[in-house]
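Undergrad: Contents of input37.txt (compact mmCIF, C-alpha atoms) are below:
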```
# COMPACT_ATOMS: atom_id res chain seq x y z
CA MET A 1 -25.61 -11.80 25.32
CA ASP A 2 -25.93 -12.44 21.58
CA LEU A 3 -28.05 -9.59 20.23
CA ASP A 4 -29.06 -11.60 17.14
CA THR A 5 -30.78 -14.14 19.38
CA VAL A 6 -32.43 -11.35 21.38
CA ARG A 7 -33.60 -9.66 18.17
CA THR A 8 -34.99 -13.00 16.94
CA PHE A 9 -36.81 -13.54 20.24
CA VAL A 10 -38.51 -10.13 19.98
CA ALA A 11 -39.48 -10.80 16.36
CA VAL A 12 -41.12 -14.14 17.27
CA ALA A 13 -42.87 -12.54 20.25
CA ASP A 14 -44.23 -9.73 18.06
CA THR A 15 -45.35 -11.91 15.13
CA GLY A 16 -46.37 -14.99 17.10
CA GLN A 17 -44.93 -17.14 14.31
CA PHE A 18 -41.46 -18.57 13.72
CA GLN A 19 -42.04 -18.40 9.97
CA GLU A 20 -43.15 -14.76 9.98
CA ALA A 21 -40.17 -13.85 12.20
CA ALA A 22 -37.90 -15.57 9.68
CA VAL A 23 -39.36 -13.48 6.85
CA GLU A 24 -38.97 -10.28 8.87
CA LEU A 25 -35.35 -11.07 9.70
CA ALA A 26 -34.54 -12.38 6.20
CA VAL A 27 -33.31 -15.74 7.52
CA THR A 28 -34.63 -19.29 7.37
CA GLN A 29 -37.17 -20.69 9.81
CA GLN A 30 -34.52 -23.19 10.86
CA ALA A 31 -32.18 -20.34 11.76
CA VAL A 32 -34.92 -18.78 13.89
CA SER A 33 -35.49 -22.06 15.72
CA LYS A 34 -31.75 -22.48 16.36
CA ARG A 35 -31.42 -18.95 17.71
CA ILE A 36 -34.37 -19.34 20.08
CA ALA A 37 -33.02 -22.68 21.29
CA ALA A 38 -29.60 -21.13 21.92
CA LEU A 39 -31.16 -18.25 23.86
CA GLU A 40 -33.24 -20.66 25.96
CA ARG A 41 -30.11 -22.71 26.78
CA SER A 42 -28.28 -19.51 27.74
CA LEU A 43 -31.09 -18.38 30.04
CA GLY A 44 -31.96 -21.83 31.34
CA VAL A 45 -35.70 -21.37 30.74
CA ARG A 46 -38.27 -21.95 28.02
CA LEU A 47 -39.42 -18.78 26.31
CA PHE A 48 -42.13 -20.10 23.95
CA ILE A 49 -44.74 -22.82 23.83
CA ARG A 50 -45.53 -24.02 20.32
CA THR A 51 -49.25 -24.15 19.64
CA ALA A 52 -51.47 -24.73 16.63
CA ARG A 53 -51.58 -20.95 16.18
CA GLY A 54 -47.79 -20.55 16.30
CA ALA A 55 -45.75 -19.64 19.37
CA ASP A 56 -46.98 -18.25 22.67
CA LEU A 57 -44.75 -16.68 25.31
CA THR A 58 -44.25 -18.59 28.54
CA ILE A 59 -44.34 -16.75 31.85
CA ASP A 60 -40.55 -16.49 31.67
CA GLY A 61 -40.79 -15.24 28.08
CA GLN A 62 -43.24 -12.54 29.16
CA ALA A 63 -40.86 -11.50 31.95
CA PHE A 64 -37.89 -11.37 29.58
CA LEU A 65 -39.61 -9.47 26.74
CA PRO A 66 -39.41 -5.87 28.11
CA HIS A 67 -35.74 -6.39 28.99
CA ALA A 68 -35.05 -7.78 25.52
CA ARG A 69 -36.58 -4.68 23.95
CA GLU A 70 -34.45 -2.46 26.18
CA LEU A 71 -31.31 -4.39 25.19
CA LEU A 72 -32.04 -3.66 21.53
CA ARG A 73 -32.71 0.02 22.26
CA VAL A 74 -29.41 0.29 24.13
CA ALA A 75 -27.61 -1.33 21.19
CA GLU A 76 -29.17 1.19 18.80
CA ARG A 77 -28.09 4.08 21.00
CA ALA A 78 -24.57 2.66 21.24
CA VAL A 79 -24.27 2.53 17.45
CA ALA A 80 -25.74 6.01 17.06
CA SER A 81 -23.22 7.43 19.55
CA VAL A 82 -20.32 6.75 17.17
CA HIS A 83 -22.09 7.12 13.83
CA PRO A 84 -20.89 10.21 11.91
CA GLY A 85 -23.56 12.86 12.06
CA SER A 86 -25.14 11.31 15.15
CA ARG A 87 -22.29 11.68 17.62
CA PRO A 88 -20.85 15.05 18.60
CA LEU A 89 -18.08 16.64 16.55
CA ARG A 90 -14.88 16.15 18.57
CA VAL A 91 -12.29 18.90 18.25
CA ASP A 92 -8.97 19.37 20.05
CA VAL A 93 -7.77 22.78 21.27
CA LEU A 94 -4.60 23.60 23.19
CA ALA A 95 -6.15 25.57 26.06
CA SER A 96 -9.57 26.66 27.27
CA ARG A 97 -8.66 30.37 27.27
CA GLY A 98 -6.78 30.48 23.97
CA ALA A 99 -7.71 31.64 20.49
CA GLN A 100 -8.56 28.11 19.37
CA ALA A 101 -11.21 27.74 22.07
CA GLY A 102 -12.52 31.16 21.02
CA LEU A 103 -12.90 29.94 17.44
CA MET A 104 -14.91 26.96 18.68
CA ARG A 105 -17.12 29.15 20.88
CA ALA A 106 -17.89 31.32 17.86
CA PHE A 107 -18.68 28.22 15.81
CA HIS A 108 -21.04 26.99 18.52
CA ARG A 109 -22.84 30.35 18.58
CA ALA A 110 -23.23 30.19 14.80
CA HIS A 111 -24.34 26.53 14.82
CA PRO A 112 -26.03 25.77 18.16
CA GLU A 113 -27.73 22.76 16.57
CA ILE A 114 -24.38 20.93 16.21
CA ASP A 115 -23.29 18.87 19.21
CA LEU A 116 -19.65 19.46 20.17
CA ASP A 117 -17.06 17.70 22.31
CA VAL A 118 -14.04 19.96 22.86
CA VAL A 119 -10.96 18.20 24.24
CA MET A 120 -7.43 19.34 25.10
CA LEU A 121 -4.58 17.11 23.98
CA PHE A 122 -0.93 17.96 24.53
CA GLU A 123 1.21 17.68 21.42
CA ILE A 124 0.69 17.40 17.69
CA GLU A 125 1.77 13.75 17.51
CA THR A 126 -0.94 12.83 20.02
CA ALA A 127 -3.50 14.88 18.12
CA ILE A 128 -2.61 13.24 14.79
CA ALA A 129 -2.79 9.75 16.31
CA ASN A 130 -6.26 10.51 17.69
CA ILE A 131 -7.41 11.97 14.37
CA ARG A 132 -6.21 8.91 12.45
CA SER A 133 -7.87 6.51 14.92
CA GLY A 134 -11.16 8.43 14.79
CA ALA A 135 -11.04 9.38 18.48
CA ILE A 136 -11.29 13.06 17.45
CA ASP A 137 -12.37 14.70 14.20
CA ALA A 138 -10.03 17.70 14.06
CA SER A 139 -7.37 19.64 15.92
CA PHE A 140 -5.96 23.16 15.91
CA ARG A 141 -2.16 23.09 15.50
CA ALA A 142 0.83 24.95 14.10
CA VAL A 143 1.92 22.66 11.28
CA GLY A 144 5.13 22.28 9.33
CA ALA A 145 7.71 22.30 12.13
CA PRO A 146 11.02 20.73 11.09
CA GLY A 147 10.93 16.95 11.43
CA ARG A 148 7.15 16.92 11.91
CA PRO A 149 5.57 16.53 8.46
CA LEU A 150 1.87 15.77 8.32
CA PRO A 151 0.99 12.22 7.19
CA GLU A 152 -0.46 11.95 3.69
CA ASP A 153 -3.94 11.15 5.00
CA ILE A 154 -4.07 14.35 7.09
CA GLU A 155 -5.17 17.67 5.58
CA SER A 156 -4.66 21.14 7.02
CA VAL A 157 -5.79 24.70 6.41
CA ARG A 158 -4.50 27.90 8.04
CA VAL A 159 -7.39 29.48 9.93
CA LEU A 160 -5.89 32.22 12.13
CA ASP A 161 -2.68 34.23 12.36
CA GLU A 162 -2.83 35.45 15.96
CA PRO A 163 -0.65 38.48 16.85
CA LEU A 164 1.46 38.17 19.97
CA GLN A 165 1.33 40.89 22.59
CA LEU A 166 3.71 41.71 25.40
CA LEU A 167 2.20 41.37 28.87
CA THR A 168 3.90 43.32 31.67
CA GLY A 169 3.31 44.39 35.24
CA PRO A 170 2.86 48.10 36.11
CA ALA A 171 6.49 48.54 37.20
CA HIS A 172 8.09 47.03 34.09
CA ALA A 173 10.34 49.35 32.05
CA LEU A 174 8.03 49.00 29.01
CA ALA A 175 4.72 49.23 30.89
CA GLY A 176 3.97 52.74 29.64
CA ALA A 177 4.65 52.02 25.95
CA ARG A 178 1.74 52.13 23.49
CA SER A 179 3.59 49.54 21.39
CA VAL A 180 7.02 47.93 21.33
CA THR A 181 9.14 46.64 18.45
CA LEU A 182 10.86 43.29 18.49
CA ALA A 183 14.20 45.13 18.49
CA GLN A 184 13.20 46.93 21.71
CA LEU A 185 12.57 43.59 23.42
CA ALA A 186 16.18 42.48 23.05
CA GLY A 187 17.71 42.32 26.51
CA HIS A 188 14.39 42.04 28.34
CA ARG A 189 13.53 38.77 30.10
CA ILE A 190 10.41 37.13 28.70
CA TRP A 191 9.19 34.35 30.99
CA MET A 192 7.09 31.55 29.46
CA PRO A 193 7.06 28.46 31.70
CA GLY A 194 4.47 26.77 29.46
CA ILE A 195 6.97 26.13 26.65
CA VAL A 196 7.72 22.40 26.48
CA PRO A 197 10.74 21.25 24.42
CA GLY A 198 9.79 19.18 21.39
CA THR A 199 6.36 20.75 20.88
CA GLU A 200 5.32 22.77 17.86
CA TRP A 201 4.99 25.93 19.95
CA ALA A 202 8.53 25.41 21.30
CA ALA A 203 9.76 25.26 17.68
CA TYR A 204 7.94 28.54 16.99
CA TYR A 205 9.56 30.39 19.91
CA ASP A 206 12.99 28.87 19.19
CA ASP A 207 12.87 30.48 15.73
CA LEU A 208 11.61 33.78 17.17
CA VAL A 209 14.54 33.87 19.61
CA ALA A 210 17.06 32.95 16.92
CA GLU A 211 15.88 35.57 14.44
CA PHE A 212 15.47 38.55 16.77
CA GLY A 213 17.92 37.86 19.61
CA LEU A 214 15.25 37.69 22.31
CA THR A 215 15.63 36.16 25.75
CA ILE A 216 12.80 33.72 26.49
CA GLU A 217 13.02 31.75 29.74
CA ALA A 218 10.96 28.62 30.27
CA THR A 219 12.38 27.79 33.70
CA GLY A 220 10.29 26.78 36.67
CA PRO A 221 7.10 24.74 36.95
CA ASN A 222 4.04 25.78 34.99
CA PHE A 223 1.32 26.43 37.59
CA GLY A 224 -1.10 27.82 35.01
CA SER A 225 -2.12 31.23 33.78
CA ASP A 226 -3.25 32.62 37.14
CA ALA A 227 0.16 31.97 38.71
CA LEU A 228 1.87 33.40 35.62
CA LEU A 229 -0.16 36.62 35.87
CA ASP A 230 0.59 36.94 39.60
CA THR A 231 4.32 36.65 38.94
CA ILE A 232 4.34 39.10 36.01
CA ALA A 233 2.37 41.64 38.08
CA ASP A 234 4.81 41.41 41.02
CA THR A 235 8.13 41.13 39.16
CA PRO A 236 9.28 44.27 37.28
CA ALA A 237 12.07 42.39 35.50
CA LEU A 238 9.77 39.87 33.82
CA ALA A 239 7.30 40.08 30.94
CA THR A 240 5.59 37.39 28.88
CA PHE A 241 4.07 36.89 25.45
CA MET A 242 0.33 36.38 25.17
CA GLY A 243 -1.87 35.83 22.13
CA GLU A 244 -4.09 38.77 21.21
CA HIS A 245 -7.18 36.53 21.35
CA THR A 246 -6.31 34.83 24.64
CA ARG A 247 -9.02 35.55 27.21
CA LEU A 248 -7.54 36.77 30.49
CA VAL A 249 -9.07 38.05 33.71
CA TRP A 250 -6.89 39.35 36.55
CA PRO A 251 -7.48 41.24 39.81
CA ALA A 252 -7.76 45.01 39.41
CA GLY A 253 -4.75 45.51 41.67
CA HIS A 254 -2.43 43.68 39.29
CA GLY A 255 -2.31 46.61 36.87
CA LEU A 256 -1.16 44.41 33.99
CA ARG A 257 -0.53 45.93 30.53
CA ARG A 258 -1.14 44.26 27.15
CA ILE A 259 1.17 45.95 24.65
CA PRO A 260 1.10 45.38 20.85
CA VAL A 261 4.37 44.15 19.32
CA THR A 262 5.36 45.66 15.96
CA ASP A 263 8.00 45.94 13.28
CA PRO A 264 7.22 43.14 12.55
CA THR A 265 4.30 41.71 14.52
CA PRO A 266 4.97 38.07 15.41
CA VAL A 267 1.85 36.01 14.69
CA TYR A 268 1.17 32.46 15.79
CA PRO A 269 -0.17 30.34 12.91
CA HIS A 270 -3.21 28.29 13.93
CA SER A 271 -4.22 25.60 11.42
CA LEU A 272 -7.06 23.12 11.47
CA ILE A 273 -6.06 19.53 10.70
CA TRP A 274 -8.30 16.55 9.96
CA ARG A 275 -8.29 13.15 8.24
CA ARG A 276 -9.06 13.35 4.54
CA ASP A 277 -11.75 10.66 4.62
CA ASN A 278 -13.53 11.82 7.79
CA PRO A 279 -17.26 11.67 6.92
CA HIS A 280 -18.66 13.70 9.82
CA PRO A 281 -21.00 16.27 8.21
CA ALA A 282 -20.35 18.86 10.93
CA LEU A 283 -16.66 18.90 9.99
CA THR A 284 -17.57 20.53 6.68
CA ALA A 285 -19.68 23.09 8.55
CA LEU A 286 -16.72 23.89 10.82
CA ARG A 287 -14.34 24.35 7.90
CA ASP A 288 -16.83 26.57 6.07
CA HIS A 289 -17.34 28.67 9.20
CA LEU A 290 -13.61 29.14 9.75
CA ARG A 291 -13.11 30.07 6.12
CA ALA A 292 -15.85 32.71 6.35
CA VAL A 293 -14.60 34.36 9.55
CA GLN A 294 -10.84 34.10 8.95
CA PRO A 295 -9.24 37.46 9.80
CA GLY A 296 -6.37 38.67 7.68
CA HIS A 297 -3.09 40.38 8.53
CA PRO A 298 -0.86 42.15 5.97
CA ALA A 299 2.01 39.80 5.14
CA ASP A 300 4.59 42.58 5.01
CA ASP A 301 4.33 43.59 8.67
CA THR A 302 4.03 40.18 10.34
CA TRP A 303 6.47 37.40 11.13
CA THR A 304 6.15 33.63 11.35
CA PRO A 305 8.89 30.98 11.14
CA ALA A 306 9.91 29.96 7.62
CA TRP A 307 8.35 26.51 8.11
CA THR A 308 4.87 28.01 8.57
CA ARG A 309 4.91 30.23 5.48
CA ARG A 310 2.85 29.21 2.50
```
Please lay out the structure from this file as structure tokens.

TA:
Amino acid sequence: MDLDTVRTFVAVADTGQFQEAAVELAVTQQAVSKRIAALERSLGVRLFIRTARGADLTIDGQAFLPHARELLRVAERAVASVHPGSRPLRVDVLASRGAQAGLMRAFHRAHPEIDLDVVMLFEIETAIANIRSGAIDASFRAVGAPGRPLPEDIESVRVLDEPLQLLTGPAHALAGARSVTLAQLAGHRIWMPGIVPGTEWAAYYDDLVAEFGLTIEATGPNFGSDALLDTIADTPALATFMGEHTRLVWPAGHGLRRIPVTDPTPVYPHSLIWRRDNPHPALTALRDHLRAVQPGHPADDTWTPAWTRR
């Protein structure tokens, strides 16, 4: 249904005059008459009776009026749902238990008045396409991987260098260590079935393996973090890497150990990316919040791939 004709109908019903409705709508009286005639043809009924006083609603017009008002209210709500500042801020994170989701939870606690939609997309190309189309406002990614430059209309800022930890079961050879060096991990099997070739996190771990001679296995289906924890707890020969800020809960009987990795500490570089001309006011609030809470790590005892270094 043509909303201009519906809006014109409501204006005539409220003013009782075609001429006054024309003034209110900033159109000619002839345009008002044409719109009402078109609406009446569409509905197959007469909506007004012209009188010496102006225009009176027919019985059908009276029946249609409340529905016409609701149509206009629905249209206003539809526009507001996508208008920057009216709709929620839409942000992409990789996983619900990861550091990126933790950053967004902290932002929500600091700004409970801001409506949020948190989504989980898969790879950086998908995230960038959604940012450029306006489907999302921002995404947390590791940027700069070889062959994956950011488009010119996309900005980024590094918001968190997250240390990796070694996660082992109670019977693993390193389970009793207070910390382990990257050199000590050479020869140990590190199982990470969530690594998908071609992703930015796969590029990160490829460089880690190449530089320190580690053995990272991504074989087998990825059944999620619960299945990963079960396997690590029951298999003395396997360990895995886990971000320091990743939230994990496991049964008490698992006896899992989270062990800091040192000399150097590998850190995963989380950056926020967004479209330069995105007007959503809450995006500025998010960037300011991340800038204020950004933790630091001494550059001389951490490692990231060369493509992530500033």

Undergrad: List the spatial neighbours of stretch 127-134 of chain A as a PDB file with C-alpha atoms, keeping the file's coordinate frame - criterion: any atom at most 10 Å away, all atoms listed in the file, same-chain residues fewer than 6 positions off excluded.

TA:
```
ATOM      1  CA  VAL A  82     -20.320   6.750  17.170  1.00  0.00           C
ATOM      2  CA  ARG A  90     -14.880  16.150  18.570  1.00  0.00           C
ATOM      3  CA  VAL A  91     -12.290  18.900  18.250  1.00  0.00           C
ATOM      4  CA  ASP A  92      -8.970  19.370  20.050  1.00  0.00           C
ATOM      5  CA  VAL A  93      -7.770  22.780  21.270  1.00  0.00           C
ATOM      6  CA  MET A 120      -7.430  19.340  25.100  1.00  0.00           C
ATOM      7  CA  LEU A 121      -4.580  17.110  23.980  1.00  0.00           C
ATOM      8  CA  PHE A 140      -5.960  23.160  15.910  1.00  0.00           C
ATOM      9  CA  ARG A 141      -2.160  23.090  15.500  1.00  0.00           C
ATOM     10  CA  LEU A 150       1.870  15.770   8.320  1.00  0.00           C
ATOM     11  CA  PRO A 151       0.990  12.220   7.190  1.00  0.00           C
ATOM     12  CA  ASP A 153      -3.940  11.150   5.000  1.00  0.00           C
ATOM     13  CA  ILE A 154      -4.070  14.350   7.090  1.00  0.00           C
ATOM     14  CA  ILE A 273      -6.060  19.530  10.700  1.00  0.00           C
ATOM     15  CA  TRP A 274      -8.300  16.550   9.960  1.00  0.00           C
ATOM     16  CA  ARG A 275      -8.290  13.150   8.240  1.00  0.00           C
ATOM     17  CA  ARG A 276      -9.060  13.350   4.540  1.00  0.00           C
ATOM     18  CA  ASP A 277     -11.750  10.660   4.620  1.00  0.00           C
ATOM     19  CA  ASN A 278     -13.530  11.820   7.790  1.00  0.00           C
TER      20      ASN A 278
END
```

Undergrad: Which residues are near A:Thr168? Cut-off 7 Å, only C-alpha atoms, ignore same chain within fewer than 2 positions. Put them as a list in words.

TA: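 Listing them by chain and then by number gives Leu166, Pro170, His172, Ala175, Ile232, Ala233, Ala239, Thr240, Leu256, Arg257 and Arg258 of chain A.
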
Undergrad: Please measure the separation of atom CA of A:Leu214 and atom CA of A:Asp230, giving the value in Å to one decimal.

TA: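 Going from atom CA of A:Leu214 over to atom CA of A:Asp230, I get 22.7 Å.
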
Undergrad: What's the 7 Å shell around A:Val267, counting all atoms listed in the file, without same-chain residues fewer than 6 positions away, as a compact mmCIF listing (two decimals) with C-alpha atoms, keeping the file's coordinate frame?

TA:
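So out_18.txt came out as:
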```
# COMPACT_ATOMS: atom_id res chain seq x y z
CA ASP A 161 -2.68 34.23 12.36
CA GLU A 162 -2.83 35.45 15.96
CA PRO A 163 -0.65 38.48 16.85
CA LEU A 164 1.46 38.17 19.97
CA THR A 302 4.03 40.18 10.34
CA TRP A 303 6.47 37.40 11.13
CA THR A 304 6.15 33.63 11.35
```

Undergrad: Which residue is closest to A:Glu155? Choose from A:Leu272, A:Ala285, A:Val79, A:Ala252 and count only C-alpha atoms.

TA: A:Leu272

Undergrad: Using only C-alpha atoms, which residues sit within 10 Å of A:Ile114 once same-chain residues fewer than 5 positions away are excluded, as a VMD selection string?

TA: chain A and resid 85 to 89 107 to 109 281 to 282 285 to 286

Undergrad: Using atom CA of A:Asp137 and atom CA of A:His280 as the two end points, give the distance in Å to one decimal.

TA: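 Spanning atom CA of A:Asp137 to atom CA of A:His280 is a straight-line distance of 7.7 Å.
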
Undergrad: For stretch 189-194 of chain A, work out the shell of residues within 9 Å, counting only C-alpha atoms and skipping chain neighbours fewer than 4 positions away, then give it as a tab-separated table (two decimals) with C-alpha atoms, keeping the file's coordinate frame.

TA:
```tsv
chain	number	residue	atom	x	y	z
A	166	LEU	CA	3.71	41.71	25.40
A	185	LEU	CA	12.57	43.59	23.42
A	214	LEU	CA	15.25	37.69	22.31
A	215	THR	CA	15.63	36.16	25.75
A	216	ILE	CA	12.80	33.72	26.49
A	217	GLU	CA	13.02	31.75	29.74
A	218	ALA	CA	10.96	28.62	30.27
A	219	THR	CA	12.38	27.79	33.70
A	220	GLY	CA	10.29	26.78	36.67
A	221	PRO	CA	7.10	24.74	36.95
A	222	ASN	CA	4.04	25.78	34.99
A	223	PHE	CA	1.32	26.43	37.59
A	224	GLY	CA	-1.10	27.82	35.01
A	228	LEU	CA	1.87	33.40	35.62
A	232	ILE	CA	4.34	39.10	36.01
A	237	ALA	CA	12.07	42.39	35.50
A	238	LEU	CA	9.77	39.87	33.82
A	239	ALA	CA	7.30	40.08	30.94
A	240	THR	CA	5.59	37.39	28.88
A	241	PHE	CA	4.07	36.89	25.45
```

Undergrad: Can you measure atom CA of A:Leu248 to atom CA of A:Ala99 for me? One decimal in Å is fine.

TA: 11.2 Å

Undergrad: Counting only C-alpha atoms, which residue out of A:Thr235, A:Ala203, A:Leu116, A:Pro251 sits closest to A:Leu283?

TA: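 The closest residue to A:Leu283 is A:Leu116.
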
Undergrad: Using all atoms listed in the file, give me every residue within 12 Å of (-24.8, -12.8, 21.7) in file coordinates, as a PyMOL selection string.

TA: chain A and resi 1-8+35-36+38-39+42-43+71-72+75

Undergrad: Around the point (-35.9, -20.7, 32.4), in the coordinates given by the file, pick out the residues reaching within 12 Å, counting only C-alpha atoms, and return them as a list in words.

TA: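 Result, sorted by chain then residue number: Ala37, Leu39, Glu40, Arg41, Ser42, Leu43, Gly44, Val45, Arg46, Leu47, Phe48, Thr58, Ile59, Asp60, Gly61, Gln62, Ala63 and Phe64 of chain A.
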
Undergrad: So that I have them on file, write out the residues from the current selection with C-alpha atoms, as a CSV table (one decimal), keeping the file's coordinate frame.

TA:
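Result went into out23.csv, see below:
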```csv
chain,number,residue,atom,x,y,z
A,37,ALA,CA,-33.0,-22.7,21.3
A,39,LEU,CA,-31.2,-18.2,23.9
A,40,GLU,CA,-33.2,-20.7,26.0
A,41,ARG,CA,-30.1,-22.7,26.8
A,42,SER,CA,-28.3,-19.5,27.7
A,43,LEU,CA,-31.1,-18.4,30.0
A,44,GLY,CA,-32.0,-21.8,31.3
A,45,VAL,CA,-35.7,-21.4,30.7
A,46,ARG,CA,-38.3,-22.0,28.0
A,47,LEU,CA,-39.4,-18.8,26.3
A,48,PHE,CA,-42.1,-20.1,24.0
A,58,THR,CA,-44.2,-18.6,28.5
A,59,ILE,CA,-44.3,-16.8,31.8
A,60,ASP,CA,-40.6,-16.5,31.7
A,61,GLY,CA,-40.8,-15.2,28.1
A,62,GLN,CA,-43.2,-12.5,29.2
A,63,ALA,CA,-40.9,-11.5,32.0
A,64,PHE,CA,-37.9,-11.4,29.6
```

Undergrad: Is it possible to add N, CA and C atoms to stretch 172-196 of chain A and hand it back as a compact mmCIF listing (two decimals), in the coordinates of the input?

TA:
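The file below, selection09.txt, is the result:
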```txt
# COMPACT_ATOMS: atom_id res chain seq x y z
N HIS A 172 7.14 47.43 35.13
CA HIS A 172 8.09 47.03 34.09
C HIS A 172 8.54 48.25 33.30
N ALA A 173 9.78 48.20 32.78
CA ALA A 173 10.34 49.35 32.05
C ALA A 173 9.53 49.71 30.81
N LEU A 174 8.80 48.74 30.23
CA LEU A 174 8.03 49.00 29.01
C LEU A 174 6.54 49.16 29.28
N ALA A 175 6.15 49.23 30.55
CA ALA A 175 4.72 49.23 30.89
C ALA A 175 3.98 50.42 30.31
N GLY A 176 4.66 51.54 30.14
CA GLY A 176 3.97 52.74 29.64
C GLY A 176 3.96 52.86 28.13
N ALA A 177 4.56 51.92 27.41
CA ALA A 177 4.65 52.02 25.95
C ALA A 177 3.31 51.69 25.30
N ARG A 178 2.96 52.44 24.26
CA ARG A 178 1.74 52.13 23.49
C ARG A 178 1.96 50.94 22.58
N SER A 179 3.20 50.71 22.17
CA SER A 179 3.59 49.54 21.39
C SER A 179 5.09 49.38 21.54
N VAL A 180 5.58 48.18 21.27
CA VAL A 180 7.02 47.93 21.33
C VAL A 180 7.42 47.16 20.07
N THR A 181 8.63 47.40 19.59
CA THR A 181 9.14 46.64 18.45
C THR A 181 9.90 45.43 18.97
N LEU A 182 10.08 44.46 18.09
CA LEU A 182 10.86 43.29 18.49
C LEU A 182 12.28 43.68 18.86
N ALA A 183 12.84 44.68 18.17
CA ALA A 183 14.20 45.13 18.49
C ALA A 183 14.27 45.68 19.91
N GLN A 184 13.21 46.37 20.37
CA GLN A 184 13.20 46.93 21.71
C GLN A 184 13.15 45.85 22.79
N LEU A 185 12.69 44.67 22.43
CA LEU A 185 12.57 43.59 23.42
C LEU A 185 13.89 42.88 23.68
N ALA A 186 14.88 43.10 22.82
CA ALA A 186 16.18 42.48 23.05
C ALA A 186 16.75 42.94 24.39
N GLY A 187 17.18 41.98 25.19
CA GLY A 187 17.71 42.32 26.51
C GLY A 187 16.70 42.22 27.63
N HIS A 188 15.43 42.20 27.31
CA HIS A 188 14.39 42.04 28.34
C HIS A 188 14.10 40.55 28.55
N ARG A 189 13.82 40.17 29.78
CA ARG A 189 13.53 38.77 30.10
C ARG A 189 12.05 38.48 29.88
N ILE A 190 11.78 37.54 29.00
CA ILE A 190 10.41 37.13 28.70
C ILE A 190 10.23 35.73 29.27
N TRP A 191 9.35 35.62 30.25
CA TRP A 191 9.19 34.35 30.99
C TRP A 191 7.96 33.61 30.48
N MET A 192 8.18 32.37 30.00
CA MET A 192 7.09 31.55 29.46
C MET A 192 7.26 30.10 29.92
N PRO A 193 6.85 29.81 31.16
CA PRO A 193 7.06 28.46 31.70
C PRO A 193 6.23 27.38 31.01
N GLY A 194 5.30 27.77 30.14
CA GLY A 194 4.47 26.77 29.46
C GLY A 194 5.12 26.18 28.22
N ILE A 195 6.31 26.67 27.84
CA ILE A 195 6.97 26.13 26.65
C ILE A 195 7.60 24.78 26.99
N VAL A 196 7.21 23.76 26.24
CA VAL A 196 7.72 22.40 26.48
C VAL A 196 8.59 21.99 25.30
```
